[in-house]
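Only one structure is covered here, and it is reproduced in the block below.
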Amino acid sequence: TQLLEQSPQFLSIQEGENLTVYCNSSSVFSSLQWYRQEPGEGPVLLVTVVTGGEVKKLKRLTFQFGDARKDSSLHITAAQPGDTGLYLCAGVFDQTGANNLFFGTGTRLTVIP
Amino acid sequence: DSGVTQTPKHLITATGQRVTLRCSPRSGDLSVYWYQQSLDQGLQFLIHYYNGEERAKGNILERFSAQQFPDLHSELNLSSLELGDSALYFCASTQAGGGYNEQFFGPGTRLTVL
């Protein structure tokens with residue numbers, strides 16, 4: 001069973017602060033995705049990273065894929081209350097192309113106005 | 001709205017019972033994935049169907065089974081329910097059978113086993 005560890009598990013910050021969330025595995029991902037989930041809803045895809053060392057930006061969110069494709073980070077600049085939610089990383093490990101996602105345990109972010 | 005629908009939204013039942021959760025994928029999507037989300041274990045991949053055929057199994061118990069019908073909707077059957085089966089159950093769909101395609105998640109079914 002592939003294990004994805006996310007840290008921190010909980011994060012509460014003031015509006016305007018920066019934060020970084022980490023996702024680590026002992027296995028190599030063929031690709032990695034970051035999702036955001038709000039209460040009562042399913043996860044929504046934020047980004048997919050495929051290439052080791054890849055950096056993608058989505059407005060104030062910066063996603064980085066580790067060179068060895070075993071870890072990833074999500075950095076949020078100047079957090080807003082609207083960023084509050086559960087952030088999940090999800091890795092695809094198998095080479096068959098079946099796209100089965102294995103999720104991390106999540107980071108629950110609260111941004112206080 | 002992801003375009004994926006799940007019914008029912010909430011389900012309360014007793015231990016030992018059997019329930020069926022239903023998922024309708026987005027129009028045109030051939031793949032359906034089922035996940036279980038509980039407080040202590042996060043989102044767990046259960047099973048994947050592509051165009052009516054089982055494609056892959058994850059951590060799915062033998063008491064659970066699923067199928068995908070010709071109209072591409074899918075059902076997850078949970079039997080001999082235990083307290084620990086209480087969780088949110090999500091289905092997700094994607095057009096293709098693999099690759100890096102985005103999975104679109106439904107709103108989930110919250111199952112409570114008393």
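Every chain in the structure tokens takes a letter, A first, then B, and so on in the order presented; its residues are numbered from 1, and the ligands are numbered from 1 following the presented order.
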(message) Env of region 109-111 of chain B: 7 Å cut, atoms = only C-alpha atoms, seq-sep filter 4 positions within chain, self excluded. Answer as a list in words.
(response)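 The neighbour list is Gln6, Thr7, Pro8, Lys9, His10, Leu11, Ile12, Ser86, Ala87, Leu88, Tyr89 and Phe90 of chain B.
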(request) With a cut-off of 9 Å and counting only C-alpha atoms, select all residues of chain A in contact with chain B and give the selection as a PyMOL selection string. (result) chain A and resi 1+31-33+40-45+47-48+50+88+92+96-106
(request) Within 6 Å of Ala78 (chain A), counting only C-alpha atoms, which residues show up once you throw out same-chain ones fewer than 3 positions away? Write them as a PyMOL selection string, please. (result) chain A and resi 16-18
Output C-alpha atoms of each residue in that selection to a file, as a tab-separated table (two decimals), in the first residue's frame.
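Output below, filename again-v6.tsv:
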chain	number	residue	atom	x	y	z
A	16	GLY	CA	-2.16	37.73	4.69
A	17	GLU	CA	0.31	35.17	6.00
A	18	ASN	CA	2.18	32.68	3.83
(request) Can you pull out every residue within 9 Å of region 59-66 of chain A, counting only C-alpha atoms, but drop anything in the same chain fewer than 4 positions away, and send it as a ChimeraX atom specification? (result) /A:32,34,47,49-55,70-79
(message) Taking the DSSP secondary structure from the backbone, can you list the residues of chain A that are strand (DSSP E), as an MDAnalysis selection string?
(response) chainID A and resid 4:7 10:14 19:25 31:37 44:49 55:58 61:65 71:76 85:92 101:103 107:112
(request) Would you mind reading off the distance between CA of Gln37 (chain A) and CA of Leu86 (chain A), one decimal, in Å? (result)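 Interatomic distance, CA of Gln37 (chain A) to CA of Leu86 (chain A): 5.0 Å.
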(message) I'd like the neighbourhood of region 67-73 of chain B as a list in words, where a residue qualifies if any of its atoms comes within 6 Å (using only C-alpha atoms), though same-chain residues fewer than 3 positions away should be ignored.
(response)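 Everything that qualifies: Cys23, Ser24 and Gly52 of chain B.
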Which neighbours of region 5-14 of chain A fall inside 8 Å, counting only C-alpha atoms, when residues of the same chain fewer than 5 positions from it are skipped, and could you give them as a CSV table (one decimal) with C-alpha atoms, in the first residue's frame?
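New file result-v3.csv:
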chain,number,residue,atom,x,y,z
A,21,VAL,CA,2.0,22.3,2.9
A,22,TYR,CA,4.1,19.2,2.3
A,23,CYS,CA,3.3,15.8,0.7
A,24,ASN,CA,5.9,13.0,1.0
A,25,SER,CA,6.1,9.4,0.0
A,79,ALA,CA,-3.6,33.6,2.4
A,89,CYS,CA,-2.4,15.5,-2.4
A,104,GLY,CA,-2.7,11.7,1.5
A,105,THR,CA,-4.5,12.3,4.9
A,106,GLY,CA,-4.9,16.0,4.1
A,107,THR,CA,-4.1,19.4,5.6
A,108,ARG,CA,-7.0,21.3,7.1
A,109,LEU,CA,-6.3,25.0,6.6
A,110,THR,CA,-8.2,27.7,8.4
A,111,VAL,CA,-7.5,31.3,7.4
A,112,ILE,CA,-8.7,33.8,10.1
A,113,PRO,CA,-9.9,37.2,8.8
